[in-house]
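K.L.:
Got a structure for you, upload-v3.cif, holding mmCIF, C-alpha atoms and all ligand atoms.
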```
data_data
#
loop_
_atom_site.label_atom_id
_atom_site.label_comp_id
_atom_site.auth_asym_id
_atom_site.auth_seq_id
_atom_site.Cartn_x
_atom_site.Cartn_y
_atom_site.Cartn_z
CA MET H 250 164.54 164.36 94.80
CA GLU H 251 164.67 160.58 94.58
CA ILE H 252 167.28 158.02 95.56
CA LYS H 253 168.63 156.01 92.63
CA ASN H 254 171.74 153.82 92.59
CA GLN H 255 172.55 154.97 96.10
CA GLN H 256 172.54 158.65 95.06
CA TYR H 257 170.16 161.56 95.54
CA CYS H 258 168.88 162.37 92.05
CA ILE H 259 166.49 164.58 90.11
CA GLY H 260 165.26 163.12 86.83
CA GLY H 261 167.84 160.35 87.20
CA ILE H 262 170.73 162.84 87.47
CA PRO H 263 172.77 162.62 90.70
CA LEU H 264 172.77 165.96 92.48
CA LEU H 265 176.40 165.44 93.48
CA ASN H 266 177.25 165.42 89.77
CA ILE H 267 175.45 168.75 89.39
CA ALA H 268 177.46 170.25 92.26
CA GLU H 269 180.65 168.94 90.71
CA LYS H 270 179.85 170.05 87.17
CA TYR H 271 178.60 173.55 87.98
CA GLY H 272 180.24 174.15 91.35
CA SER H 273 178.46 175.23 94.51
CA PRO H 274 176.44 176.96 95.71
CA VAL H 275 174.00 176.22 92.94
CA TYR H 276 170.23 176.37 92.65
CA VAL H 277 168.76 173.28 90.97
CA TYR H 278 165.19 173.10 89.72
CA ASP H 279 163.16 170.03 88.87
CA GLY H 280 161.22 170.98 85.74
CA GLU H 281 158.97 167.90 85.88
CA LYS H 282 157.85 168.86 89.38
CA ILE H 283 156.78 172.29 88.12
CA LEU H 284 154.78 170.71 85.31
CA HIS H 285 153.22 168.29 87.78
CA GLN H 286 152.13 171.15 90.05
CA VAL H 287 150.58 173.04 87.13
CA GLU H 288 148.65 169.93 86.13
CA SER H 289 147.37 169.23 89.65
CA LEU H 290 146.09 172.80 89.94
CA LYS H 291 144.35 172.51 86.57
CA LYS H 292 142.82 169.20 87.65
CA ALA H 293 141.55 170.69 90.91
CA PHE H 294 139.65 173.36 88.99
CA ALA H 295 138.71 171.33 85.92
CA ASP H 296 135.04 172.06 86.61
CA VAL H 297 135.30 175.82 86.07
CA LYS H 298 137.00 178.18 83.63
CA MET H 299 140.25 178.58 85.55
CA LYS H 300 143.33 180.57 84.57
CA ILE H 301 146.71 180.37 86.26
CA LYS H 302 148.69 183.60 86.49
CA TYR H 303 152.02 182.37 87.84
CA ALA H 304 153.48 184.82 90.41
CA THR H 305 156.64 185.71 88.50
CA LYS H 306 158.40 187.14 91.56
CA ALA H 307 158.67 183.66 93.13
CA LEU H 308 161.24 182.48 90.57
CA SER H 309 161.79 184.64 87.56
CA ASN H 310 164.48 182.93 85.51
CA ILE H 311 163.39 183.28 81.88
CA ASN H 312 163.54 179.50 81.37
CA ILE H 313 161.14 178.91 84.24
CA LEU H 314 158.84 181.49 82.67
CA LYS H 315 159.18 179.70 79.32
CA LEU H 316 158.32 176.42 81.01
CA MET H 317 155.21 178.02 82.51
CA LYS H 318 154.22 179.32 79.11
CA LYS H 319 154.64 175.85 77.65
CA ALA H 320 152.50 174.46 80.45
CA GLY H 321 149.80 176.95 79.49
CA THR H 322 149.89 179.41 82.37
CA GLY H 323 149.75 183.18 82.21
CA VAL H 324 151.68 185.37 84.63
CA ASP H 325 151.22 187.91 87.36
CA ALA H 326 153.87 190.63 87.38
CA VAL H 327 154.44 193.06 90.26
CA SER H 328 156.83 195.49 88.63
CA ILE H 329 157.18 196.96 85.18
CA GLU H 330 160.47 195.07 84.94
CA GLU H 331 158.65 191.78 85.50
CA VAL H 332 156.13 192.83 82.85
CA LYS H 333 159.02 193.38 80.43
CA LEU H 334 160.60 190.06 81.38
CA CYS H 335 157.36 188.23 80.68
CA LEU H 336 156.93 190.02 77.34
CA HIS H 337 160.56 189.16 76.57
CA VAL H 338 159.95 185.43 76.97
CA GLY H 339 156.93 185.58 74.71
CA PHE H 340 153.88 186.00 76.90
CA SER H 341 151.31 188.06 75.05
CA PRO H 342 150.10 191.21 76.84
CA GLU H 343 146.72 189.51 77.40
CA GLU H 344 148.41 186.72 79.34
CA ILE H 345 150.01 189.16 81.78
CA MET H 346 148.35 190.71 84.80
CA TYR H 347 150.18 193.66 86.33
CA THR H 348 149.59 193.90 90.10
CA PRO H 349 151.61 196.88 91.30
CA ASN H 350 151.65 198.34 94.78
CA CYS H 351 152.61 201.96 95.47
CA VAL H 352 154.31 202.44 92.11
CA ASP H 353 154.68 205.64 90.15
CA PHE H 354 151.75 206.16 87.76
CA GLU H 355 154.26 206.28 84.91
CA GLU H 356 154.78 202.51 85.38
CA ILE H 357 151.06 201.95 85.05
CA LYS H 358 151.00 204.01 81.86
CA GLU H 359 153.85 201.94 80.49
CA ALA H 360 151.98 198.70 81.21
CA VAL H 361 148.84 200.07 79.56
CA ALA H 362 150.90 201.07 76.52
CA TYR H 363 152.01 197.43 76.24
CA GLY H 364 148.38 196.35 76.39
CA VAL H 365 148.79 194.70 79.81
CA MET H 366 145.87 194.69 82.25
CA VAL H 367 146.49 196.60 85.49
CA ASN H 368 145.21 195.49 88.88
CA ILE H 369 144.56 198.80 90.65
CA ASP H 370 145.24 198.77 94.38
CA SER H 371 144.37 202.22 95.72
CA ILE H 372 141.58 204.77 95.31
CA PRO H 373 143.97 207.57 94.24
CA MET H 374 145.33 205.29 91.49
CA LEU H 375 141.79 204.47 90.43
CA GLU H 376 141.05 208.20 90.09
CA HIS H 377 144.30 208.76 88.29
CA PHE H 378 143.44 205.93 85.92
CA GLY H 379 139.98 207.38 85.35
CA THR H 380 141.39 210.81 84.52
CA GLU H 381 143.90 209.34 82.09
CA TYR H 382 141.87 206.63 80.34
CA GLY H 383 138.16 206.89 81.26
CA ASN H 384 136.56 203.67 80.13
CA ASP H 385 138.93 203.01 77.22
CA VAL H 386 141.08 200.52 79.09
CA PRO H 387 139.69 197.54 81.03
CA ILE H 388 140.96 197.15 84.61
CA CYS H 389 140.93 194.85 87.58
CA ILE H 390 140.52 196.18 91.14
CA ARG H 391 142.43 194.69 94.04
CA LEU H 392 140.34 194.56 97.19
CA ASN H 393 141.65 193.98 100.67
CA PRO H 394 139.20 191.50 102.20
CA HIS H 395 140.38 192.01 105.80
CA ILE H 396 141.11 188.38 106.40
CA LEU H 397 144.10 187.65 108.59
CA ALA H 398 145.65 184.59 106.99
CA GLY H 399 149.07 183.38 106.02
CA GLY H 400 152.16 181.74 107.45
CA ASN H 401 153.39 184.78 109.38
CA ALA H 402 152.82 188.51 109.81
CA LYS H 403 155.20 189.52 107.03
CA ILE H 404 153.38 187.48 104.40
CA SER H 405 149.81 188.08 105.59
CA VAL H 406 148.65 190.88 103.38
CA GLY H 407 144.87 190.80 103.48
CA HIS H 408 144.37 192.19 106.98
CA ILE H 409 143.09 195.63 107.92
CA ASP H 410 146.53 197.17 108.57
CA SER H 411 148.01 195.94 105.31
CA LYS H 412 149.19 198.39 102.63
CA PHE H 413 147.84 196.13 99.89
CA GLY H 414 144.56 196.50 98.04
CA ILE H 415 141.59 198.77 98.60
CA SER H 416 139.75 198.11 101.83
CA ILE H 417 136.53 196.25 101.33
CA LEU H 418 135.08 198.85 103.70
CA GLN H 419 135.75 201.45 101.00
CA LEU H 420 133.73 199.62 98.37
CA LYS H 421 131.08 202.36 98.21
CA HIS H 422 133.79 204.91 97.52
CA VAL H 423 135.25 202.63 94.83
CA ILE H 424 131.86 202.37 93.14
CA LYS H 425 131.47 206.17 93.16
CA VAL H 426 134.85 206.56 91.45
CA VAL H 427 134.01 203.81 88.96
CA GLN H 428 130.74 205.57 88.12
CA ALA H 429 132.28 209.03 87.99
CA TYR H 430 134.84 207.96 85.40
CA ASP H 431 132.69 205.28 83.79
CA LEU H 432 135.52 202.80 84.39
CA ASN H 433 135.50 199.45 82.62
CA VAL H 434 136.02 197.04 85.53
CA VAL H 435 136.39 193.51 84.18
CA GLY H 436 137.96 191.81 87.19
CA LEU H 437 138.11 191.87 90.97
CA HIS H 438 141.04 190.52 92.95
CA VAL H 439 141.92 189.46 96.49
CA HIS H 440 145.12 187.96 97.87
CA THR H 441 145.01 187.21 101.56
CA GLY H 442 148.53 185.96 102.14
CA SER H 443 151.09 183.25 101.62
CA ASP H 444 151.14 179.75 103.18
CA ILE H 445 147.38 179.34 103.55
CA LEU H 446 146.28 175.86 104.57
CA ASP H 447 142.61 175.95 104.69
CA ALA H 448 139.94 175.81 102.01
CA GLU H 449 137.80 177.86 104.39
CA VAL H 450 140.09 180.87 103.98
CA PHE H 451 139.65 180.76 100.21
CA LEU H 452 135.90 180.37 100.71
CA GLN H 453 135.83 183.40 103.02
CA GLY H 454 137.72 185.38 100.38
CA ALA H 455 135.30 184.06 97.77
CA GLU H 456 132.24 185.25 99.68
CA ILE H 457 133.74 188.72 100.02
CA LEU H 458 134.56 188.81 96.32
CA PHE H 459 131.08 187.59 95.37
CA ASP H 460 129.46 190.30 97.50
CA ALA H 461 131.62 192.95 95.87
CA ALA H 462 131.08 191.47 92.40
CA ARG H 463 127.31 191.94 92.69
CA GLU H 464 128.01 195.70 92.45
CA PHE H 465 129.72 195.40 89.04
CA LYS H 466 127.87 194.61 85.86
CA ASP H 467 130.58 193.73 83.35
CA LEU H 468 132.97 191.40 85.11
CA ALA H 469 134.82 188.74 83.15
CA PHE H 470 136.84 187.18 85.98
CA LEU H 471 137.47 186.97 89.70
CA ASP H 472 141.07 186.59 90.85
CA PHE H 473 141.76 184.81 94.14
CA GLY H 474 145.49 185.55 94.25
CA GLY H 475 147.99 182.95 95.41
CA GLY H 476 148.94 181.57 98.78
CA PHE H 477 148.53 177.78 98.63
CA LYS H 478 150.79 176.27 101.27
CA VAL H 479 153.33 173.62 100.42
CA ALA H 480 155.12 171.18 102.76
CA TYR H 481 158.28 172.57 104.30
CA LYS H 482 158.92 169.74 106.74
CA ASN H 483 158.02 166.08 106.95
CA GLY H 484 154.44 165.70 108.07
CA ASP H 485 153.60 169.36 107.42
CA ILE H 486 149.96 170.00 106.70
CA THR H 487 149.61 171.56 103.26
CA THR H 488 146.80 173.06 101.25
CA ASP H 489 144.79 170.14 99.92
CA ILE H 490 144.47 171.58 96.45
CA GLN H 491 141.87 169.08 95.28
CA ASP H 492 139.73 169.93 98.34
CA VAL H 493 140.11 173.68 97.76
CA GLY H 494 139.33 173.10 94.08
CA LYS H 495 136.16 171.19 94.84
CA LYS H 496 134.82 173.62 97.42
CA VAL H 497 135.77 176.87 95.72
CA SER H 498 134.57 175.64 92.30
CA ALA H 499 131.17 174.71 93.73
CA ALA H 500 130.78 178.13 95.36
CA PHE H 501 132.02 179.84 92.19
CA LYS H 502 129.63 178.00 89.92
CA LYS H 503 126.74 178.88 92.18
CA PHE H 504 127.74 182.52 92.08
CA CYS H 505 128.14 182.55 88.27
CA LYS H 506 124.62 181.22 87.92
CA GLU H 507 123.30 184.05 90.05
CA TYR H 508 125.46 186.59 88.22
CA GLY H 509 124.07 185.33 84.93
CA ARG H 510 127.42 184.81 83.27
CA GLU H 511 130.16 182.18 83.29
CA LEU H 512 133.07 184.12 84.72
CA GLU H 513 136.68 182.97 84.75
CA ILE H 514 138.38 182.20 88.05
CA TRP H 515 142.05 183.20 88.28
CA PHE H 516 144.80 182.16 90.68
CA GLU H 517 148.30 183.57 91.06
CA PRO H 518 150.31 180.86 92.80
CA GLY H 519 154.01 181.22 93.34
CA LYS H 520 155.06 178.76 96.04
CA PHE H 521 152.61 176.07 94.97
CA LEU H 522 154.16 175.90 91.52
CA VAL H 523 157.86 176.32 92.25
CA SER H 524 158.78 175.95 95.94
CA GLU H 525 159.25 172.20 96.06
CA CYS H 526 160.99 172.05 92.69
CA GLY H 527 164.04 173.91 94.00
CA TYR H 528 167.16 172.87 95.93
CA LEU H 529 170.06 175.03 96.95
CA LEU H 530 173.19 172.87 96.94
CA THR H 531 175.83 174.22 99.29
CA LYS H 532 179.20 172.88 100.40
CA ALA H 533 180.21 172.37 104.03
CA ASN H 534 183.20 174.66 104.42
CA VAL H 535 183.72 173.83 108.07
CA VAL H 536 182.33 171.64 110.81
CA LYS H 537 182.78 173.67 113.97
CA PRO H 538 182.10 172.15 117.37
CA THR H 539 181.53 174.66 120.17
CA PRO H 540 180.60 173.95 123.81
CA ALA H 541 176.92 174.42 122.95
CA THR H 542 176.44 173.57 119.30
CA THR H 543 178.11 171.91 116.38
CA PHE H 544 177.90 174.28 113.45
CA VAL H 545 178.17 173.36 109.81
CA GLY H 546 179.29 176.48 107.97
CA VAL H 547 178.31 176.33 104.30
CA ASN H 548 179.37 178.40 101.30
CA SER H 549 176.07 180.29 101.16
CA GLY H 550 173.89 182.27 103.53
CA LEU H 551 171.31 185.00 103.75
CA ASN H 552 172.67 186.47 100.53
CA HIS H 553 171.33 183.43 98.65
CA LEU H 554 168.39 182.27 100.74
CA LEU H 555 166.84 184.94 102.92
CA ARG H 556 163.69 183.10 103.96
CA PRO H 557 164.99 181.46 107.17
CA MET H 558 166.27 184.80 108.47
CA MET H 559 163.47 187.03 107.22
CA TYR H 560 160.48 184.85 108.05
CA ASP H 561 161.96 182.24 110.40
CA ALA H 562 161.05 179.90 107.57
CA TYR H 563 161.79 176.21 108.00
CA HIS H 564 163.78 174.58 105.20
CA SER H 565 164.69 170.91 105.39
CA VAL H 566 168.36 170.10 104.90
CA VAL H 567 169.95 166.87 103.69
CA ASN H 568 173.57 165.82 103.55
CA ILE H 569 173.43 164.41 100.03
CA SER H 570 177.02 163.19 100.20
CA LYS H 571 175.97 160.44 102.63
CA LEU H 572 173.22 157.90 102.44
CA ASP H 573 174.49 155.62 105.18
CA GLY H 574 176.22 156.00 108.50
CA PRO H 575 175.42 157.75 111.76
CA GLU H 576 173.39 160.91 112.17
CA ARG H 577 174.30 163.90 114.28
CA VAL H 578 172.64 167.14 115.28
CA TYR H 579 173.97 170.28 113.63
CA THR H 580 173.09 173.89 113.16
CA ILE H 581 173.63 174.87 109.54
CA VAL H 582 174.85 178.44 109.16
CA GLY H 583 176.00 180.64 106.32
CA TYR H 584 179.34 182.32 105.66
CA ILE H 585 177.94 185.84 105.80
CA CYS H 586 179.04 188.30 108.45
CA GLU H 587 175.63 188.20 110.14
CA THR H 588 173.83 185.59 112.19
CA ASP H 589 172.53 183.72 109.19
CA THR H 590 171.20 180.47 110.58
CA ILE H 591 169.77 178.40 107.78
CA ALA H 592 168.59 175.45 109.88
CA ALA H 593 168.96 175.03 113.66
CA ASP H 594 169.38 171.74 115.51
CA ARG H 595 168.85 169.34 112.63
CA LYS H 596 169.65 165.66 112.74
CA ILE H 597 171.34 164.74 109.49
CA LYS H 598 173.99 162.28 108.31
CA GLU H 599 177.35 163.03 109.84
CA VAL H 600 178.96 165.94 107.97
CA LYS H 601 182.56 166.10 106.82
CA GLU H 602 184.14 169.16 105.24
CA GLY H 603 183.36 169.21 101.54
CA ASP H 604 180.04 167.37 101.88
CA ILE H 605 177.17 168.83 99.89
CA ILE H 606 174.21 170.02 101.94
CA ALA H 607 170.97 170.37 99.98
CA ILE H 608 168.47 172.94 101.23
CA LYS H 609 164.98 172.00 100.19
CA ASN H 610 162.00 174.14 99.15
CA ALA H 611 164.35 176.70 97.70
CA GLY H 612 162.50 177.20 94.42
CA ALA H 613 160.17 179.98 95.53
CA TYR H 614 161.60 183.29 96.78
CA GLY H 615 165.10 181.81 96.90
CA TYR H 616 167.13 183.08 93.98
CA SER H 617 164.63 185.88 93.38
CA MET H 618 165.34 187.37 96.82
CA SER H 619 169.11 186.84 96.67
CA SER H 620 171.66 189.64 96.83
CA ASN H 621 175.34 190.49 96.63
CA TYR H 622 175.64 191.18 100.35
CA ASN H 623 179.25 190.82 101.53
CA SER H 624 180.12 191.31 97.83
CA ARG H 625 179.39 187.64 97.23
CA PHE H 626 178.34 186.31 93.85
CA ARG H 627 174.83 185.07 93.27
CA PRO H 628 174.88 181.32 92.55
CA ALA H 629 174.36 179.56 89.24
CA GLU H 630 170.94 178.12 88.37
CA VAL H 631 170.43 174.73 86.75
CA LEU H 632 167.21 173.28 85.36
CA ILE H 633 166.71 169.54 85.07
CA LEU H 634 164.14 168.62 82.46
CA ASN H 635 163.61 165.42 80.48
CA GLU H 636 166.54 163.86 82.34
CA LYS H 637 168.94 166.51 81.10
CA ASP H 638 170.60 169.31 83.04
CA TYR H 639 170.77 172.83 81.66
CA LEU H 640 172.74 175.75 83.02
CA ILE H 641 170.10 178.50 82.99
CA ARG H 642 172.09 181.22 84.73
CA LYS H 643 175.81 181.57 85.17
CA ARG H 644 177.34 182.12 88.56
CA GLU H 645 178.23 185.77 88.95
CA SER H 646 181.81 186.93 88.83
CA MET H 647 183.87 189.88 90.02
CA GLU H 648 182.81 191.67 86.83
CA ASP H 649 179.20 191.59 87.99
CA ILE H 650 180.14 193.07 91.33
CA LEU H 651 182.00 195.91 89.62
CA LYS H 652 179.68 196.31 86.63
CA ASN H 653 177.77 199.42 87.64
CA GLN H 654 180.26 200.96 90.01
CA ILE H 655 181.94 204.14 88.86
CA SER H 656 185.45 204.73 90.08
CA ILE H 657 186.12 208.46 90.44
CA ASP H 658 189.39 210.26 90.86
CA PHE H 659 189.60 212.34 94.00
N1 LIG H 701 149.56 187.29 94.22
C1 LIG H 701 149.89 188.36 94.95
C2 LIG H 701 149.18 189.60 94.73
C3 LIG H 701 150.94 188.29 95.89
O1 LIG H 701 151.24 189.35 96.62
C4 LIG H 701 151.62 187.07 96.08
C5 LIG H 701 152.72 186.96 97.02
C6 LIG H 701 151.26 185.96 95.29
C7 LIG H 701 150.21 186.11 94.38
C8 LIG H 701 151.95 184.62 95.40
O2 LIG H 701 151.87 184.08 96.67
P1 LIG H 701 152.36 182.56 96.90
O3 LIG H 701 151.45 181.65 96.12
O4 LIG H 701 153.73 182.45 96.42
O5 LIG H 701 152.25 182.33 98.37
N2 LIG H 701 158.69 186.17 100.03
C9 LIG H 701 157.68 185.52 100.86
C10 LIG H 701 156.36 185.43 100.19
C11 LIG H 701 155.89 186.80 99.77
C12 LIG H 701 154.71 186.70 98.99
C13 LIG H 701 154.31 188.03 98.46
N3 LIG H 701 153.17 187.96 97.65
C14 LIG H 701 158.16 184.15 101.26
O6 LIG H 701 159.27 183.76 100.87
O7 LIG H 701 157.47 183.45 102.03
#
```
How does the structure come out when it is put into structure tokens?
Ligand code: LLP

P.N.:
Amino acid sequence: MEIKNQQYCIGGIPLLNIAEKYGSPVYVYDGEKILHQVESLKKAFADVKMKIKYATKALSNINILKLMKKAGTGVDAVSIEEVKLCLHVGFSPEEIMYTPNCVDFEEIKEAVAYGVMVNIDSIPMLEHFGTEYGNDVPICIRLNPHILAGGNAKISVGHIDSKFGISILQLKHVIKVVQAYDLNVVGLHVHTGSDILDAEVFLQGAEILFDAAREFKDLAFLDFGGGFKVAYKNGDITTDIQDVGKKVSAAFKKFCKEYGRELEIWFEPGKFLVSECGYLLTKANVVKPTPATTFVGVNSGLNHLLRPMMYDAYHSVVNISKLDGPERVYTIVGYICETDTIAADRKIKEVKEGDIIAIKNAGAYGYSMSSNYNSRFRPAEVLILNEKDYLIRKRESMEDILKNQISIDF
């Protein structure tokens, strides 16, 4: 978001115009920012054979997926529906990695039938896979490295109590199963969590993967998952991607030499690619002073952006209707019949009813985690690319709310 001609803009287009043209609330995505993020990740790992498997779940509008494809990424899908979505937009099966957790084996069979690689995350599934396919179908194995990392407990998934992956302590068991079924293991995977700052965490994960990889003869790639942290507030420390790139690439190259083969290194970023590109534009319905707090009640809430309530996530807010004038402290809340505080005690330009409040960092896990709670419509989505705005998803309507409901006579 830049300021141009005294207006907050993306790609030269004033965001107030977007709110006026498409109504609010509306998700707006900066396509150039996504492309920039893809390029900086590629640059950070230019020294090794790196593949990006964009974490589809972060923002799964088909146009964002198409943009990723154009930028040369592959995708990571976590449900068979995401697999189908990715195939629908034109990703080839080889470009898709399917990383399911606790799904019915039928979903895995479906993915295999499409020719999509499956990232197996439990020993029973590995055995199931062996019984069904033997060594006919190449697989990746998701290991749980037992590293506690990530922004908070709900998004730290590589620790010992996590349901994800196969414990690294069970590696011997994994190898027995692999041998028993003669499985064709071509990749190993770890994902420690989301919002990881430190290159050291990726290096720890790398060492664990390298140790495990020494037990497998025919690997083609190692997948380090996602988790790069982006800035949520001014002055936030973020993953220094060039630093991670330099350190992890050096360790990876050293390992490949020892392994005797130039493996590929894969990453599955979600937030890094799409968090900062997204803004949720909401309208101030009411400015409500109380003895303790002045609330700004906007026409959105936990139904559209769950992160502040689910993870206590910090999202910056800006009153984009005002560039000048005094600032005041407000607590921005939603219109949902729950305590849906979006941003507490924030100093922003004085708010009048009807002002547009932009919520930043709404690209990742914003729309994709939205719901119809309180029978509200999901917002529209707009993509700005090459200085043009495109409506990429219509706002829902009453028809959508009623679509699958069956009225019975009783
Ligand atoms: N790969 C795997 C296997 C994952 O489980 C995840 C995220 C990613 C990649 C992408 O992680 P990222 O680069 O986006 O941090 N809804 C939460 C984040 C949940 C992440 C779940 N897995 C949030 O809004 O913070």

K.L.:
Measure the distance from CA of Ser549 in chain H to CA of Asn610 in chain H in Å and round it to one decimal.

P.N.:
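Value for the CA of Ser549 in chain H-CA of Asn610 in chain H distance: 15.5 Å.
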
K.L.:
Kindly compile the residues surrounding ligand LIG 701 (chain H) within 6 Å, counting only C-alpha atoms and all ligand atoms, and format them as JSON, numbers by chain.

P.N.:
{"H": [304, 404, 440, 443, 444, 474, 475, 476, 477, 517, 518, 519, 520, 521, 556, 614]}

K.L.:
Can you measure CA of Thr441 in chain H to CA of Leu471 in chain H for me? One decimal in Å is fine.

P.N.:
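If I compute the distance from CA of Thr441 in chain H to CA of Leu471 in chain H, I get 14.1 Å.
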
K.L.:
Compare H:Ser524, H:Gln255, H:Gln491, H:Ser411 by their minimum atom-to-atom distance to Tyr276 in chain H, counting all atoms listed in the file, and give me the closest one.

P.N.:
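Using all atoms listed in the file, Tyr276 in chain H sits closest to H:Ser524.
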
K.L.:
Check the smallest atom-to-atom distance from each of H:Phe451, H:Ile409, H:Val332, H:Pro387 to Asp467 in chain H using only C-alpha atoms, then report the winner.

P.N.:
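Looking only at the distances to Asp467 in chain H, the closest residue turns out to be H:Pro387.
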
K.L.:
Could you pull the residues within 9 Å of range 267-269 of chain H, counting all atoms listed in the file, minus those fewer than 4 positions along the same chain, as a list of chain:residue names?

P.N.:
H:Ile262, H:Pro263, H:Ser273, H:Pro274, H:Val275, H:Val277, H:Leu530, H:Thr531, H:Lys532, H:Ile605, H:Val631, H:Asp638

K.L.:
I'd like the neighbourhood of Asp594 in chain H as a VMD selection string, where a residue qualifies if any of its atoms comes within 9 Å (using only C-alpha atoms), though same-chain residues fewer than 3 positions away should be ignored.

P.N.:
chain H and resid 542 to 543 578 to 581

K.L.:
Keeping only C-alpha atoms, take the residues you just selected and write them out as a compact mmCIF listing (two decimals), keeping the file's coordinate frame.

P.N.:
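So part_10.txt came out as:
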```txt
# COMPACT_ATOMS: atom_id res chain seq x y z
CA THR H 542 176.44 173.57 119.30
CA THR H 543 178.11 171.91 116.38
CA VAL H 578 172.64 167.14 115.28
CA TYR H 579 173.97 170.28 113.63
CA THR H 580 173.09 173.89 113.16
CA ILE H 581 173.63 174.87 109.54
```

K.L.:
Neighbourhood query: residues within 9 Å of (134.6, 186.5, 77.9), file coordinates, counting all atoms listed in the file; return as an MDAnalysis selection string.

P.N.:
chainID H and resid 468:470 511:513

K.L.:
Using all atoms listed in the file, which residue out of H:Lys601, H:Lys506, H:Lys537, H:Lys425 lies closest to Val582 in chain H?

P.N.:
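Result for the nearest residue to Val582 in chain H: H:Lys537.
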
K.L.:
Near Ser570 in chain H, counting all atoms listed in the file, which residues have an atom at most 8 Å away, once you skip same-chain residues fewer than 2 positions from it, shown as a PDB file with C-alpha atoms, in the coordinates of the input?

P.N.:
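Saved as part_27.pdb:
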```pdb
ATOM      1  CA  LEU H 265     176.400 165.440  93.480  1.00  0.00           C
ATOM      2  CA  ASN H 568     173.570 165.820 103.550  1.00  0.00           C
ATOM      3  CA  LEU H 572     173.220 157.900 102.440  1.00  0.00           C
ATOM      4  CA  ASP H 604     180.040 167.370 101.880  1.00  0.00           C
ATOM      5  CA  ILE H 605     177.170 168.830  99.890  1.00  0.00           C
ATOM      6  CA  ILE H 606     174.210 170.020 101.940  1.00  0.00           C
TER       7      ILE H 606
END
```

K.L.:
So the first atom is CA of Met647 in chain H and the second is CA of Leu551 in chain H; what is the distance between them in Å, to one decimal place?

P.N.:
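Computing the Euclidean distance for CA of Met647 in chain H and CA of Leu551 in chain H yields 19.2 Å.
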
K.L.:
At a cut-off of 10 Å, using all atoms listed in the file, what residues contact Phe504 in chain H? Leave out same-chain residues fewer than 3 positions from it and give the result as JSON, numbers by chain.

P.N.:
{"H": [455, 456, 459, 460, 462, 463, 498, 499, 500, 501, 507, 508, 509, 510, 511, 512]}

K.L.:
Which residue, H:Lys652, H:Lys598, H:Lys637, H:His553, has the smallest gap to Pro575 in chain H when you use all atoms listed in the file?

P.N.:
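Among the listed residues, the smallest separation from Pro575 in chain H belongs to H:Lys598.
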
K.L.:
Quick one: everything within 12 Å of Glu630 in chain H, counting all atoms listed in the file, minus sequence neighbours fewer than 5 positions away in the same chain. Send it as a PyMOL selection string.

P.N.:
chain H and resi 267-268+271-279+308-313+527-530+553+611-612+615-617+638-645

K.L.:
Of the candidates H:Leu316, H:Val497, H:Ile655, H:Ile591, which one gets nearest to Ala607 in chain H if we count all atoms listed in the file?

P.N.:
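So, comparing all the options, the nearest one is H:Ile591.
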
K.L.:
Point out the residue among H:Glu376, H:Asp573, H:Asp472, H:Asp353 with the least atom-to-atom distance to Ala429 in chain H, counting only C-alpha atoms.

P.N.:
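Of H:Glu376, H:Asp573, H:Asp472, H:Asp353, the one nearest Ala429 in chain H, counting only C-alpha atoms, is H:Glu376.
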